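Structure file start.cif with mmCIF, C-alpha atoms and all ligand atoms:
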```
data_protein
#
loop_
_atom_site.label_atom_id
_atom_site.label_comp_id
_atom_site.auth_asym_id
_atom_site.auth_seq_id
_atom_site.Cartn_x
_atom_site.Cartn_y
_atom_site.Cartn_z
CA MET T 169 0.00 0.00 0.00
CA LYS T 170 1.13 3.50 -0.78
CA THR T 171 1.18 6.88 0.92
CA GLY T 172 0.23 9.53 -1.61
CA CYS T 173 0.34 13.29 -1.29
CA VAL T 174 -1.66 15.90 -3.16
CA VAL T 175 0.27 19.19 -3.23
CA VAL T 176 -1.96 22.11 -4.06
CA ALA T 177 -0.17 24.97 -5.82
CA ALA T 178 -3.06 26.33 -7.85
CA GLY T 179 -3.57 29.54 -5.82
CA ARG T 180 -2.53 33.04 -6.89
CA GLY T 181 -0.11 35.36 -5.11
CA LYS T 182 -2.31 38.38 -4.45
CA ARG T 183 -1.91 38.58 -0.65
CA ALA T 184 1.84 38.19 -1.05
CA GLY T 185 1.85 41.28 -3.28
CA LEU T 186 3.07 39.22 -6.27
CA THR T 187 1.92 39.28 -9.87
CA TYR T 188 2.48 35.51 -10.18
CA ASN T 189 1.80 32.33 -8.21
CA LYS T 190 3.63 32.57 -4.87
CA ALA T 191 4.69 28.90 -5.18
CA PHE T 192 7.25 30.06 -7.74
CA TYR T 193 8.74 32.80 -5.55
CA PRO T 194 12.48 32.14 -5.13
CA LEU T 195 13.64 31.58 -1.54
CA ALA T 196 17.42 31.91 -1.52
CA GLY T 197 17.69 30.69 -5.12
CA ARG T 198 15.08 27.88 -5.01
CA SER T 199 11.32 28.22 -5.47
CA VAL T 200 8.85 27.81 -2.60
CA LEU T 201 7.39 24.85 -4.52
CA SER T 202 10.76 23.08 -4.87
CA ARG T 203 11.51 23.68 -1.20
CA THR T 204 8.15 22.16 -0.20
CA LEU T 205 8.63 19.16 -2.51
CA ASP T 206 12.19 18.72 -1.14
CA ALA T 207 10.79 18.56 2.42
CA LEU T 208 8.21 15.92 1.44
CA PHE T 209 10.81 13.90 -0.48
CA HIS T 210 13.44 13.99 2.28
CA SER T 211 10.91 12.89 4.92
CA GLY T 212 11.10 9.41 3.36
CA GLU T 213 7.41 9.00 4.29
CA ILE T 214 5.77 9.65 0.90
CA ASP T 215 5.65 7.27 -2.09
CA GLU T 216 3.95 9.46 -4.68
CA ILE T 217 3.06 13.13 -5.18
CA ILE T 218 0.35 14.55 -7.42
CA LEU T 219 0.97 18.24 -8.05
CA VAL T 220 -2.06 20.41 -8.75
CA LEU T 221 -1.29 23.54 -10.79
CA HIS T 222 -3.22 26.30 -12.48
CA GLY T 223 -3.14 25.99 -16.29
CA ASP T 224 -1.48 29.43 -16.54
CA ASP T 225 1.48 28.17 -14.50
CA LEU T 226 2.47 25.13 -16.58
CA SER T 227 5.22 26.91 -18.50
CA LEU T 228 6.52 28.50 -15.28
CA TYR T 229 6.62 25.01 -13.74
CA GLU T 230 8.54 23.63 -16.75
CA GLU T 231 11.08 26.44 -16.47
CA THR T 232 11.40 25.85 -12.73
CA ILE T 233 12.10 22.11 -13.00
CA CYS T 234 14.57 22.73 -15.86
CA ARG T 235 16.50 25.04 -13.54
CA GLU T 236 15.99 23.40 -10.14
CA GLY T 237 15.42 19.74 -11.05
CA ALA T 238 12.20 17.74 -10.77
CA CYS T 239 11.15 16.04 -7.51
CA PRO T 240 11.38 12.27 -8.19
CA LEU T 241 8.13 11.68 -6.28
CA VAL T 242 5.99 13.86 -8.58
CA LYS T 243 4.29 11.22 -10.73
CA ASN T 244 1.71 13.46 -12.29
CA VAL T 245 0.80 17.13 -12.69
CA VAL T 246 -2.92 17.84 -12.94
CA LEU T 247 -4.83 21.05 -13.51
CA GLY T 248 -6.72 22.61 -10.61
CA GLY T 249 -10.36 23.62 -10.71
CA GLU T 250 -12.45 26.65 -9.75
CA THR T 251 -12.15 26.10 -5.99
CA ARG T 252 -9.58 24.54 -3.70
CA ARG T 253 -11.94 21.58 -3.26
CA ASP T 254 -12.05 21.02 -7.04
CA SER T 255 -8.26 21.16 -7.14
CA VAL T 256 -7.80 18.61 -4.35
CA TYR T 257 -10.39 16.31 -5.95
CA ALA T 258 -8.51 16.45 -9.26
CA GLY T 259 -5.36 15.43 -7.39
CA LEU T 260 -7.06 12.61 -5.47
CA LYS T 261 -8.40 11.06 -8.67
CA ALA T 262 -4.89 10.97 -10.15
CA LEU T 263 -3.33 8.97 -7.27
CA SER T 264 -2.40 5.31 -7.72
CA LYS T 265 -5.24 2.87 -7.02
CA ASP T 266 -3.22 1.10 -4.29
CA THR T 267 -2.96 4.30 -2.19
CA ASP T 268 -4.16 3.75 1.38
CA ILE T 269 -3.19 7.03 3.07
CA VAL T 270 -3.26 10.42 1.38
CA LEU T 271 -1.81 13.69 2.65
CA VAL T 272 -3.13 16.99 1.33
CA HIS T 273 -0.52 19.73 1.60
CA ASP T 274 -0.22 23.39 0.58
CA ALA T 275 2.75 24.27 -1.64
CA ALA T 276 3.09 27.45 0.44
CA ARG T 277 4.25 25.50 3.55
CA PRO T 278 7.90 24.70 2.81
CA PHE T 279 8.84 24.19 6.48
CA VAL T 280 6.86 20.95 6.91
CA SER T 281 8.99 18.54 8.99
CA LYS T 282 9.43 14.77 8.97
CA GLU T 283 7.94 14.68 12.49
CA ILE T 284 4.74 16.39 11.31
CA ILE T 285 4.39 14.04 8.34
CA GLN T 286 4.95 10.99 10.56
CA ASN T 287 2.36 12.22 13.09
CA VAL T 288 -0.45 12.84 10.59
CA LYS T 289 0.27 9.57 8.76
CA ARG T 290 0.24 7.52 11.96
CA ASP T 291 -3.05 9.11 13.07
CA ALA T 292 -4.67 8.64 9.66
CA ARG T 293 -3.83 4.92 9.95
CA SER T 294 -5.24 4.66 13.50
CA PHE T 295 -8.21 7.05 13.31
CA GLY T 296 -8.96 7.56 9.61
CA SER T 297 -7.65 11.13 9.73
CA GLY T 298 -4.75 13.12 11.12
CA VAL T 299 -4.74 16.90 10.79
CA ILE T 300 -1.84 18.93 12.11
CA SER T 301 -3.09 21.39 14.71
CA CYS T 302 -1.80 23.98 17.17
CA ALA T 303 -3.07 25.22 20.52
CA VAL T 304 -4.04 28.89 20.53
CA THR T 305 -1.60 30.91 22.60
CA ASP T 306 -3.02 34.40 22.05
CA THR T 307 -6.10 35.62 23.91
CA VAL T 308 -9.12 35.39 21.61
CA LYS T 309 -11.98 37.93 21.57
CA ARG T 310 -15.37 37.59 19.98
CA ILE T 311 -16.36 40.84 18.31
CA SER T 312 -19.79 42.36 17.76
CA PRO T 313 -20.88 43.73 14.37
CA ASP T 314 -19.73 47.19 15.57
CA GLY T 315 -16.19 45.80 16.02
CA ALA T 316 -16.28 46.07 19.84
CA ALA T 317 -15.04 43.11 21.90
CA ARG T 318 -17.38 42.12 24.72
CA GLU T 319 -16.41 38.51 25.22
CA THR T 320 -13.19 36.54 25.73
CA VAL T 321 -13.32 33.04 24.26
CA ASP T 322 -11.84 30.10 26.20
CA ARG T 323 -8.75 29.38 24.12
CA ASN T 324 -8.26 25.98 25.79
CA VAL T 325 -11.07 24.58 23.63
CA LEU T 326 -9.69 26.09 20.43
CA ARG T 327 -7.18 24.71 17.91
CA THR T 328 -5.90 26.09 14.64
CA VAL T 329 -5.32 23.56 11.86
CA GLN T 330 -2.77 23.56 9.08
CA THR T 331 -1.64 21.25 6.33
CA PRO T 332 -0.54 18.50 5.92
CA GLN T 333 -3.85 16.80 6.54
CA ALA T 334 -3.76 12.99 6.21
CA PHE T 335 -6.74 10.73 5.58
CA ASP T 336 -7.78 7.23 4.70
CA TYR T 337 -7.67 7.63 0.93
CA GLN T 338 -10.96 5.89 0.12
CA LYS T 339 -12.84 7.79 2.85
CA LEU T 340 -11.60 11.19 1.67
CA LEU T 341 -12.33 10.33 -1.96
CA ARG T 342 -15.89 9.31 -0.99
CA ALA T 343 -16.36 12.56 0.98
CA HIS T 344 -15.34 14.57 -2.08
CA GLU T 345 -17.68 12.58 -4.31
CA THR T 346 -20.76 12.60 -2.06
CA MET T 347 -20.76 15.80 0.01
CA PRO T 348 -22.76 18.71 -1.41
CA PHE T 349 -21.05 21.99 -2.25
CA ASP T 350 -20.49 24.05 0.89
CA GLU T 351 -19.21 27.62 0.83
CA GLY T 352 -17.69 27.26 4.29
CA ALA T 353 -15.43 24.38 3.24
CA THR T 354 -11.94 25.87 3.51
CA ASP T 355 -10.06 22.59 3.79
CA ASP T 356 -10.34 18.80 3.66
CA ALA T 357 -10.59 18.54 7.45
CA TYR T 358 -13.90 20.43 7.21
CA LEU T 359 -15.21 18.16 4.46
CA PHE T 360 -14.14 15.06 6.40
CA GLU T 361 -15.81 16.14 9.65
CA LYS T 362 -19.04 16.97 7.77
CA ALA T 363 -18.99 13.53 6.14
CA TYR T 364 -17.92 11.38 9.12
CA GLY T 365 -18.79 13.45 12.21
CA CYS T 366 -15.26 14.31 13.40
CA VAL T 367 -11.67 14.70 12.36
CA HIS T 368 -8.65 13.64 14.42
CA LEU T 369 -6.24 16.42 15.37
CA SER T 370 -2.59 15.41 15.38
CA GLU T 371 0.16 16.50 17.75
CA ALA T 372 1.69 19.80 16.73
CA GLY T 373 5.26 18.84 17.63
CA SER T 374 7.33 21.42 15.81
CA ALA T 375 4.30 22.54 13.77
CA ARG T 376 4.77 26.07 15.12
CA GLY T 377 7.42 26.52 12.46
CA ASN T 378 5.15 25.13 9.73
CA THR T 379 4.29 28.63 8.55
CA LYS T 380 2.10 29.19 5.50
CA LEU T 381 3.78 31.86 3.39
CA THR T 382 1.12 34.49 2.80
CA THR T 383 2.31 38.07 3.33
CA PRO T 384 5.47 39.80 2.03
CA GLU T 385 6.81 39.62 5.62
CA ASP T 386 6.39 35.81 5.62
CA PHE T 387 8.47 35.60 2.44
CA ALA T 388 11.20 37.87 3.84
CA MET T 389 11.41 35.71 6.99
CA ALA T 390 11.45 32.46 4.95
CA GLU T 391 14.20 33.81 2.70
CA MET T 392 16.39 34.38 5.77
CA CYS T 393 15.72 30.85 7.02
CA PHE T 394 16.82 29.30 3.73
CA ALA T 395 19.66 31.69 2.87
CA PRO T 396 23.08 30.40 3.82
CA ALA T 397 24.32 32.38 6.81
CA LEU T 398 27.56 33.38 5.09
CA ARG T 399 28.75 33.83 1.53
CA VAL T 400 32.43 33.80 0.58
CA GLY T 401 34.31 35.53 -2.23
CA THR T 402 37.93 35.74 -3.35
CA GLY T 403 39.88 38.47 -5.11
CA TYR T 404 43.27 38.78 -6.77
CA ASP T 405 45.08 41.72 -8.37
CA VAL T 406 48.51 42.74 -9.68
CA HIS T 407 49.97 46.19 -10.45
CA ARG T 408 53.33 47.13 -11.89
CA LEU T 409 55.86 49.10 -9.76
CA VAL T 410 57.14 52.21 -11.58
CA GLU T 411 59.00 55.40 -10.76
CA GLY T 412 57.14 58.66 -10.33
CA ARG T 413 54.01 57.15 -8.68
CA ARG T 414 52.83 57.07 -5.05
CA LEU T 415 52.71 53.67 -3.31
CA VAL T 416 49.30 53.25 -1.68
CA LEU T 417 48.33 49.95 -0.06
CA CYS T 418 45.03 49.45 1.86
CA GLY T 419 44.54 53.23 1.74
CA VAL T 420 47.87 53.98 3.43
CA GLU T 421 50.62 55.89 1.59
CA ILE T 422 53.98 54.21 2.10
CA PRO T 423 57.28 56.05 1.50
CA TYR T 424 59.15 54.22 -1.29
CA GLU T 425 61.14 55.07 -4.39
CA LYS T 426 58.48 53.56 -6.65
CA GLY T 427 54.70 53.38 -6.77
CA LEU T 428 52.04 51.27 -8.43
CA LEU T 429 50.88 52.08 -11.94
CA GLY T 430 47.17 52.26 -12.63
CA HIS T 431 44.17 54.41 -13.53
CA SER T 432 43.12 54.98 -9.92
CA ASP T 433 45.62 55.17 -7.05
CA ALA T 434 46.43 51.54 -8.06
CA ASP T 435 45.94 50.28 -4.50
CA VAL T 436 46.33 46.63 -5.41
CA ALA T 437 45.37 45.35 -1.95
CA THR T 438 42.09 47.28 -1.77
CA HIS T 439 41.32 46.15 -5.34
CA ALA T 440 41.69 42.49 -4.36
CA LEU T 441 39.46 43.09 -1.34
CA MET T 442 36.74 44.79 -3.43
CA ASP T 443 36.74 41.87 -5.87
CA ALA T 444 36.39 39.42 -2.97
CA LEU T 445 33.39 41.35 -1.58
CA LEU T 446 31.71 41.66 -4.98
CA GLY T 447 32.46 38.01 -5.71
CA ALA T 448 30.80 36.92 -2.48
CA ALA T 449 27.60 38.65 -3.62
CA ALA T 450 27.97 37.50 -7.25
CA LEU T 451 27.89 41.17 -8.28
CA GLY T 452 30.70 41.11 -10.80
CA ASP T 453 34.07 42.82 -10.24
CA ILE T 454 35.61 46.27 -9.93
CA GLY T 455 36.36 46.38 -13.67
CA LYS T 456 32.61 46.26 -14.27
CA LEU T 457 31.72 48.75 -11.51
CA PHE T 458 34.55 51.24 -12.05
CA PRO T 459 35.79 50.99 -15.67
CA ASP T 460 39.42 52.13 -16.06
CA LYS T 461 38.45 54.15 -19.14
CA ASP T 462 36.14 56.36 -17.03
CA PRO T 463 37.88 59.72 -16.24
CA ALA T 464 35.81 59.95 -13.04
CA PHE T 465 38.04 57.25 -11.53
CA GLU T 466 41.41 58.75 -12.55
CA ASN T 467 43.72 58.85 -9.50
CA ILE T 468 40.71 58.24 -7.24
CA SER T 469 41.42 56.80 -3.79
CA SER T 470 40.52 53.13 -3.77
CA LEU T 471 39.10 53.64 -0.26
CA VAL T 472 36.40 55.81 -1.87
CA LEU T 473 35.71 52.94 -4.28
CA LEU T 474 35.62 50.51 -1.33
CA SER T 475 32.91 52.67 0.29
CA ARG T 476 30.95 52.44 -2.97
CA VAL T 477 31.35 48.66 -2.99
CA LYS T 478 29.94 48.68 0.52
CA GLU T 479 26.92 50.68 -0.74
CA THR T 480 26.50 48.28 -3.70
CA LEU T 481 26.46 45.32 -1.31
CA CYS T 482 24.00 47.14 0.92
CA SER T 483 21.62 47.77 -2.03
CA ALA T 484 21.71 44.03 -2.74
CA GLY T 485 20.91 43.32 0.94
CA TYR T 486 24.40 42.28 2.10
CA GLU T 487 26.99 43.50 4.59
CA ALA T 488 30.63 42.56 5.04
CA VAL T 489 31.37 40.22 7.96
CA ASN T 490 35.14 39.79 7.81
CA CYS T 491 37.98 39.87 5.33
CA ASP T 492 41.58 38.81 4.99
CA VAL T 493 44.05 40.49 2.63
CA THR T 494 47.52 39.15 1.78
CA ILE T 495 49.95 41.51 0.04
CA VAL T 496 52.80 39.83 -1.84
CA CYS T 497 55.68 42.33 -1.95
CA GLN T 498 59.46 41.97 -1.71
CA ARG T 499 60.13 45.60 -0.78
CA PRO T 500 59.42 47.88 1.06
CA LYS T 501 58.79 46.26 4.46
CA LEU T 502 55.08 46.66 5.26
CA ALA T 503 55.00 45.50 8.90
CA PRO T 504 55.04 49.08 10.35
CA TYR T 505 51.89 49.97 8.38
CA ILE T 506 49.70 46.91 8.95
CA GLU T 507 47.63 48.32 11.85
CA GLN T 508 46.98 51.57 9.99
CA MET T 509 45.91 49.58 6.91
CA ARG T 510 43.44 47.50 8.94
CA GLY T 511 41.95 50.66 10.44
CA ALA T 512 41.57 52.32 7.02
CA LEU T 513 39.81 49.32 5.47
CA ALA T 514 37.61 48.81 8.55
CA SER T 515 36.36 52.40 8.54
CA ALA T 516 35.62 52.31 4.78
CA LEU T 517 33.61 49.12 5.35
CA GLY T 518 32.00 50.30 8.59
CA ILE T 519 33.12 47.20 10.50
CA SER T 520 35.44 46.63 13.44
CA PRO T 521 39.22 46.40 12.75
CA GLY T 522 38.97 43.05 14.55
CA CYS T 523 37.13 41.78 11.45
CA VAL T 524 39.79 43.01 9.03
CA SER T 525 43.07 41.17 8.59
CA VAL T 526 45.99 42.44 6.52
CA LYS T 527 49.13 40.36 6.07
CA ALA T 528 52.25 40.83 3.98
CA THR T 529 54.65 38.28 2.62
CA THR T 530 57.66 38.16 0.31
CA THR T 531 58.37 35.48 -2.29
CA GLU T 532 62.01 35.09 -1.29
CA GLY T 533 63.07 36.93 -4.40
CA LEU T 534 61.13 34.68 -6.77
CA GLY T 535 58.77 35.82 -9.51
CA PHE T 536 57.77 39.36 -10.49
CA GLU T 537 57.04 40.32 -6.90
CA GLY T 538 60.43 39.00 -5.78
CA GLU T 539 62.20 40.89 -8.55
CA GLY T 540 60.44 44.12 -7.50
CA LEU T 541 58.60 44.49 -10.82
CA GLY T 542 55.18 44.58 -9.23
CA ILE T 543 53.01 43.86 -6.20
CA SER T 544 50.18 41.35 -6.05
CA ALA T 545 47.42 40.92 -3.49
CA GLN T 546 44.88 38.24 -2.65
CA SER T 547 41.80 38.48 -0.50
CA VAL T 548 39.00 36.39 0.94
CA ALA T 549 35.85 38.06 2.29
CA THR T 550 32.64 36.85 3.88
CA ILE T 551 29.32 38.69 3.69
CA GLN T 552 25.88 38.07 5.20
CA LYS T 553 22.30 39.11 4.51
CA ILE T 554 21.37 42.27 6.34
CA ARG T 555 18.88 41.20 9.06
MG MG B 601 43.71 46.77 -9.87
#
```

Would you mind writing the file out in structure tokens?
Ligand code: MG
Amino acid sequence: MKTGCVVVAAGRGKRAGLTYNKAFYPLAGRSVLSRTLDALFHSGEIDEIILVLHGDDLSLYEETICREGACPLVKNVVLGGETRRDSVYAGLKALSKDTDIVLVHDAARPFVSKEIIQNVKRDARSFGSGVISCAVTDTVKRISPDGAARETVDRNVLRTVQTPQAFDYQKLLRAHETMPFDEGATDDAYLFEKAYGCVHLSEAGSARGNTKLTTPEDFAMAEMCFAPALRVGTGYDVHRLVEGRRLVLCGVEIPYEKGLLGHSDADVATHALMDALLGAAALGDIGKLFPDKDPAFENISSLVLLSRVKETLCSAGYEAVNCDVTIVCQRPKLAPYIEQMRGALASALGISPGCVSVKATTTEGLGFEGEGLGISAQSVATIQKIR
């Protein structure tokens, strides 16, 4: 016998402020729908999924699975109907004939856990139904038509219900086929209790986190939950050492007989750092942001450019966490300037000097750095989403 699951993704995204189905909203690079299907797949509790979509979304779905991969459990995609009930019924009819337990789940609940799925499945086997439910923790008021509250409801006798909702497959199918249309039917639990007198409520467990993504705030919160905490980028740069130029490294001018050649101040170390920061955010590189043909950047301090990189990151919703810069330079000795360099970079980035590391090394006379022809720099930087 099989456990089937009908995933309903036929709704529109109006309350989320979207112009398209919210199931296709990307959460940290992967759609809500894919995240929900991933959770069902990785539970190991489901044998087959029927996905119910709106006809308008079929091409969007095709694009999504091309990009994100198809869930191996999705055996069939069917078109939804006028109402949620029609959509679920279409899904139920498409399940394998040897299905014994069916779960109905909203695509907009990507946080569904293995524990929740196990609980509703177990209860559906024992009691014919298992609907995930939560105790009410807020005080509940009953309001009069004028909006005034004159009565406090006993919350101990109240439960909110969510999806997944699990049922004996044949019983739920019969309820859909025999029960008359009812405007108040918002979910399958309602239909089941009308048909059979009651529905079994399953233990919430960690169901508190089983949020249905509805408002823009829900999506922002979900994005943070799925986004990796840190992103990493690397940067590398080289400039030639020539006479008649200033030597500026990490924003600090260093007395030396030669300086670095370039369109800006040629601060090779700050350039490597900027590329690491931009790389971490997948925002390109400094060549793209500050073209060396643009007269606006002639002899400009790279610390000014670093502040702009910070603003660019900020516009994309990121901030620098920490960075490490290694300058490869045979001469002059940089040790006396390291602390000043860290302070200059830290203030341009608006982070503590404790989060900025600058190191210098020689190459024991080898290569172009060792021969004093140029200076190279490497950097690694981490960034995080602004909370
Ligand atoms: Mg450069």

May I ask which of the residues T:Val420, T:Ile554, T:Leu451, T:Ala503 is the closest one to T:Val489, counting all atoms listed in the file? T:Ile554

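The protein and nucleic acid residues lying at most 8 Å from T:Ala488 are T:Leu445, T:Lys478, T:Tyr486, T:Asn490, T:Cys491, T:Leu517, T:Ile519, T:Ala549, T:Thr550, T:Ile551, T:Gln552, with all atoms listed in the file considered and sequence neighbours fewer than 2 positions away removed.
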
If we count all atoms listed in the file, what is near stretch 324-337 of chain T at a cut-off of 7 Å, once residues fewer than 5 positions away on the same chain are taken out, given as an MDAnalysis selection string? chainID T and resid 267:274 288:289 292:293 296:304

Residues of the last selection are to be written out with C-alpha atoms, as an mmCIF file, in the frame of the given file.
```
data_model
loop_
_atom_site.group_PDB
_atom_site.id
_atom_site.type_symbol
_atom_site.label_atom_id
_atom_site.label_comp_id
_atom_site.auth_asym_id
_atom_site.auth_seq_id
_atom_site.Cartn_x
_atom_site.Cartn_y
_atom_site.Cartn_z
ATOM 1 C CA THR T 267 -2.960 4.300 -2.190
ATOM 2 C CA ASP T 268 -4.160 3.750 1.380
ATOM 3 C CA ILE T 269 -3.190 7.030 3.070
ATOM 4 C CA VAL T 270 -3.260 10.420 1.380
ATOM 5 C CA LEU T 271 -1.810 13.690 2.650
ATOM 6 C CA VAL T 272 -3.130 16.990 1.330
ATOM 7 C CA HIS T 273 -0.520 19.730 1.600
ATOM 8 C CA ASP T 274 -0.220 23.390 0.580
ATOM 9 C CA VAL T 288 -0.450 12.840 10.590
ATOM 10 C CA LYS T 289 0.270 9.570 8.760
ATOM 11 C CA ALA T 292 -4.670 8.640 9.660
ATOM 12 C CA ARG T 293 -3.830 4.920 9.950
ATOM 13 C CA GLY T 296 -8.960 7.560 9.610
ATOM 14 C CA SER T 297 -7.650 11.130 9.730
ATOM 15 C CA GLY T 298 -4.750 13.120 11.120
ATOM 16 C CA VAL T 299 -4.740 16.900 10.790
ATOM 17 C CA ILE T 300 -1.840 18.930 12.110
ATOM 18 C CA SER T 301 -3.090 21.390 14.710
ATOM 19 C CA CYS T 302 -1.800 23.980 17.170
ATOM 20 C CA ALA T 303 -3.070 25.220 20.520
ATOM 21 C CA VAL T 304 -4.040 28.890 20.530
#
```

Using all atoms listed in the file, which residues sit within 10 Å of T:Val256 once same-chain residues fewer than 5 positions away are excluded, as a ChimeraX atom specification? /T:174-176,178,218-220,246-249,251,261,272-273,341,344,355-356

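We find atom CA of T:Asn467 and atom CA of T:Asp433 to be spaced 4.8 Å apart.
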
Within 9 Å of ligand MG 601 (chain B), counting only C-alpha atoms and all ligand atoms, which protein or nucleic acid residues do you find, written as an NGL selection string? :T and (404-407 or 430-432 or 434-440 or 454-455)

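For T:Asp386, the non-local neighbours within 9 Å, defined as residues at least 6 positions apart in the same chain or in other chains and counting all atoms listed in the file, are Ala184, Thr379 and Lys380 of chain T.
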
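Atom CA of T:Asp350 is positioned 28.9 Å from atom CA of T:Leu226.
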
Axis-aligned box for all listed atoms of stretch 478-481 of chain T, 5 Å per side, centre and edges in Å to one decimal, as AutoDock Vina command-line options:
```
--center_x 28.2 --center_y 48.0 --center_z -1.6 --size_x 13.5 --size_y 15.4 --size_z 14.2
```

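Straight-line separation from atom CA of T:Val400 to atom CA of T:Ser281: 29.2 Å.
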
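With all atoms listed in the file as the atoms that count, the minimum distance from T:Gly223 to the choices T:Ala238, T:Leu195, T:Ala262, T:Ala177 is reached by T:Ala177.
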
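In terms of minimum interatomic distance to T:Leu186, T:Pro384 ranks closest within T:Ser547, T:Arg399, T:Pro384, T:Thr232, counting all atoms listed in the file.
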
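Distance check against T:Arg203 using only C-alpha atoms: of T:Leu457, T:Ala444, T:Ala363, T:Ala390, the minimum falls on T:Ala390.
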
With all atoms listed in the file counted, which protein, DNA or RNA residues have an atom no more than 6 Å from (42.0, 37.8, 0.7) in the file frame? Please answer as a PyMOL selection string. chain T and resi 492-494+546-548

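When only C-alpha atoms are used to measure the gap to T:Lys190, the shortest distance among T:Glu213, T:Glu539, T:Asp314, T:Asp225 belongs to T:Asp225.
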
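Point (16.5, 27.9, -11.9) has the following residues at most 12 Å away: Phe192, Tyr193, Pro194, Leu195, Ala196, Gly197, Arg198, Ser199, Ser202, Leu228, Tyr229, Glu230, Glu231, Thr232, Ile233, Cys234, Arg235, Glu236, Gly237 and Ala238 of chain T (atoms considered: all atoms listed in the file).
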
Min atom-atom distance to T:Ser483 from the set T:Lys243, T:Arg342, T:Lys553, T:Lys362, counting all atoms listed in the file, belongs to T:Lys553

What lies within 12 Å of T:Thr529 using all atoms listed in the file, ignoring chain neighbours under 2 positions off, as a list of chain:residue names? T:Val493, T:Thr494, T:Ile495, T:Val496, T:Cys497, T:Gln498, T:Arg499, T:Pro500, T:Lys501, T:Leu502, T:Ala503, T:Ile506, T:Val526, T:Lys527, T:Thr531, T:Glu532, T:Gly533, T:Leu534, T:Glu537, T:Gly538, T:Ile543, T:Ser544, T:Ala545, T:Gln546
